[in-house]
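Written below as structure tokens is the structure these notes are about.
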Amino acid sequence: MSYEPTYSSPPQEDRPTSTMAIVSLVAGITGLTIFPFLGSLVAVITGPMAKKEIQRSRGALGGEGLATAGVITGWIGVALGVIACCGAFIAFLLPMILVALGLSADEFGALFPIWLGCF
């Protein structure tokens with residue numbers, strides 16, 4: 001008789017996932033799609049709260065990766081929101097500056113021909 005060892009995988013821990021971690025991830029994704037700035041702020045706030053909750057549970061709760069992903073997507077959404085607001089502000093302010101300087105669109109086009117070609 002030959003003896004064949006049996007291999008088994010380590011037992012899977014069935015830990016519940018932190019609700020705050022799920023909220024952070026869903027809010028981060030929502031902040032990039034449906035509610036651009038609001039969802040991102042919720043993700044940035046609830047992500048660290050979820051991480052603290054998971055640490056305080058001493059291994060009883062899981063979902064630290066979800067919380068981290070929520071924070072990352074939240075900060076990406078905040079950065080994109082800030083860039084969009086700056087772009088909108090410049091697009092609104094630039095014509096006023098040109099009018100105040102007395103430049104017409106033709107003179108401005110002579111200064112920046114490539115930029116006006118984009119519009």
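Scheme for the structure tokens: letters A, B, ... for chains in order shown; per-chain residue numbers from 1; ligand numbers from 1 in order shown.
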Task: Residues within 9 Å of A:Gly28, only C-alpha atoms, excluding chain neighbours under 3 positions, as a ChimeraX atom specification - done: /A:23-25,31-33,39-44,69-77
Once you have the residues from the selection above, write them out as a PDB file, in the first residue's frame, restricted to C-alpha atoms.
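The resulting part36.pdb:
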ATOM      1  CA  VAL A  23     -20.028  52.789   1.545  1.00  0.00           C
ATOM      2  CA  SER A  24     -16.601  54.287   0.856  1.00  0.00           C
ATOM      3  CA  LEU A  25     -16.059  52.215  -2.282  1.00  0.00           C
ATOM      4  CA  GLY A  31     -18.142  60.239  -7.290  1.00  0.00           C
ATOM      5  CA  LEU A  32     -16.431  59.361 -10.546  1.00  0.00           C
ATOM      6  CA  THR A  33     -19.686  58.708 -12.407  1.00  0.00           C
ATOM      7  CA  GLY A  39     -19.667  61.189  -3.869  1.00  0.00           C
ATOM      8  CA  SER A  40     -15.925  61.746  -3.806  1.00  0.00           C
ATOM      9  CA  LEU A  41     -16.117  63.735  -0.579  1.00  0.00           C
ATOM     10  CA  VAL A  42     -18.209  61.007   1.049  1.00  0.00           C
ATOM     11  CA  ALA A  43     -15.624  58.406  -0.019  1.00  0.00           C
ATOM     12  CA  VAL A  44     -12.718  60.454   1.329  1.00  0.00           C
ATOM     13  CA  ALA A  69      -9.999  51.700  -2.914  1.00  0.00           C
ATOM     14  CA  GLY A  70     -12.781  54.057  -1.821  1.00  0.00           C
ATOM     15  CA  VAL A  71     -10.291  56.610  -0.530  1.00  0.00           C
ATOM     16  CA  ILE A  72      -8.217  56.407  -3.709  1.00  0.00           C
ATOM     17  CA  THR A  73     -11.209  56.802  -6.025  1.00  0.00           C
ATOM     18  CA  GLY A  74     -12.471  59.602  -3.788  1.00  0.00           C
ATOM     19  CA  TRP A  75      -9.239  61.578  -4.047  1.00  0.00           C
ATOM     20  CA  ILE A  76      -9.144  61.032  -7.807  1.00  0.00           C
ATOM     21  CA  GLY A  77     -12.681  62.427  -8.015  1.00  0.00           C
TER      22      GLY A  77
END
Task: Sel. of helix (DSSP H, G or I) residues, stretch 7-116 of chain A, as number ranges by chain - done: A: 19-33, 36-56, 64-101, 105-111, 113-116
Could you pull the residues within 12 Å of stretch 53-60 of chain A, counting only C-alpha atoms, minus those fewer than 3 positions along the same chain, as a short mmCIF file (atom, residue, chain, number, x, y, z; two decimals) with N, CA and C atoms, in the first residue's frame?
data_model
loop_
_atom_site.label_atom_id
_atom_site.label_comp_id
_atom_site.auth_asym_id
_atom_site.auth_seq_id
_atom_site.Cartn_x
_atom_site.Cartn_y
_atom_site.Cartn_z
N GLU A 13 -11.46 32.19 6.41
CA GLU A 13 -12.12 32.96 7.45
C GLU A 13 -13.31 33.68 6.83
N ASP A 14 -14.43 33.52 7.42
CA ASP A 14 -15.64 34.16 6.90
C ASP A 14 -15.95 35.37 7.76
N ARG A 15 -15.16 36.42 7.56
CA ARG A 15 -15.36 37.64 8.34
C ARG A 15 -16.35 38.54 7.63
N PRO A 16 -17.22 39.18 8.36
CA PRO A 16 -18.12 40.14 7.71
C PRO A 16 -17.35 41.38 7.25
N THR A 17 -17.81 41.95 6.18
CA THR A 17 -17.16 43.15 5.63
C THR A 17 -17.74 44.39 6.29
N SER A 18 -16.88 45.33 6.57
CA SER A 18 -17.30 46.58 7.18
C SER A 18 -18.25 47.34 6.25
N THR A 19 -19.37 47.75 6.80
CA THR A 19 -20.35 48.50 6.01
C THR A 19 -19.78 49.84 5.56
N MET A 20 -18.99 50.45 6.42
CA MET A 20 -18.38 51.74 6.06
C MET A 20 -17.40 51.58 4.90
N ALA A 21 -16.72 50.44 4.82
CA ALA A 21 -15.81 50.19 3.70
C ALA A 21 -16.59 50.08 2.40
N THR A 46 -15.51 58.63 4.57
CA THR A 46 -15.88 57.34 5.13
C THR A 46 -14.77 56.29 5.03
N GLY A 47 -13.82 56.45 4.11
CA GLY A 47 -12.73 55.49 3.99
C GLY A 47 -11.88 55.37 5.24
N PRO A 48 -11.34 56.49 5.75
CA PRO A 48 -10.57 56.39 7.00
C PRO A 48 -11.42 55.95 8.19
N MET A 49 -12.70 56.33 8.20
CA MET A 49 -13.58 55.85 9.27
C MET A 49 -13.70 54.33 9.23
N ALA A 50 -13.79 53.77 8.03
CA ALA A 50 -13.89 52.32 7.88
C ALA A 50 -12.60 51.65 8.33
N GLY A 63 -12.46 44.09 4.91
CA GLY A 63 -12.81 45.16 3.97
C GLY A 63 -11.84 46.31 3.94
N GLU A 64 -10.63 46.10 4.44
CA GLU A 64 -9.66 47.19 4.42
C GLU A 64 -9.30 47.58 2.99
N GLY A 65 -9.23 46.60 2.10
CA GLY A 65 -8.96 46.89 0.70
C GLY A 65 -10.06 47.71 0.05
N LEU A 66 -11.30 47.42 0.42
CA LEU A 66 -12.43 48.20 -0.10
C LEU A 66 -12.34 49.65 0.36
N ALA A 67 -11.99 49.83 1.64
CA ALA A 67 -11.87 51.18 2.18
C ALA A 67 -10.74 51.95 1.49
N THR A 68 -9.62 51.27 1.26
CA THR A 68 -8.49 51.91 0.57
C THR A 68 -8.88 52.30 -0.85
#
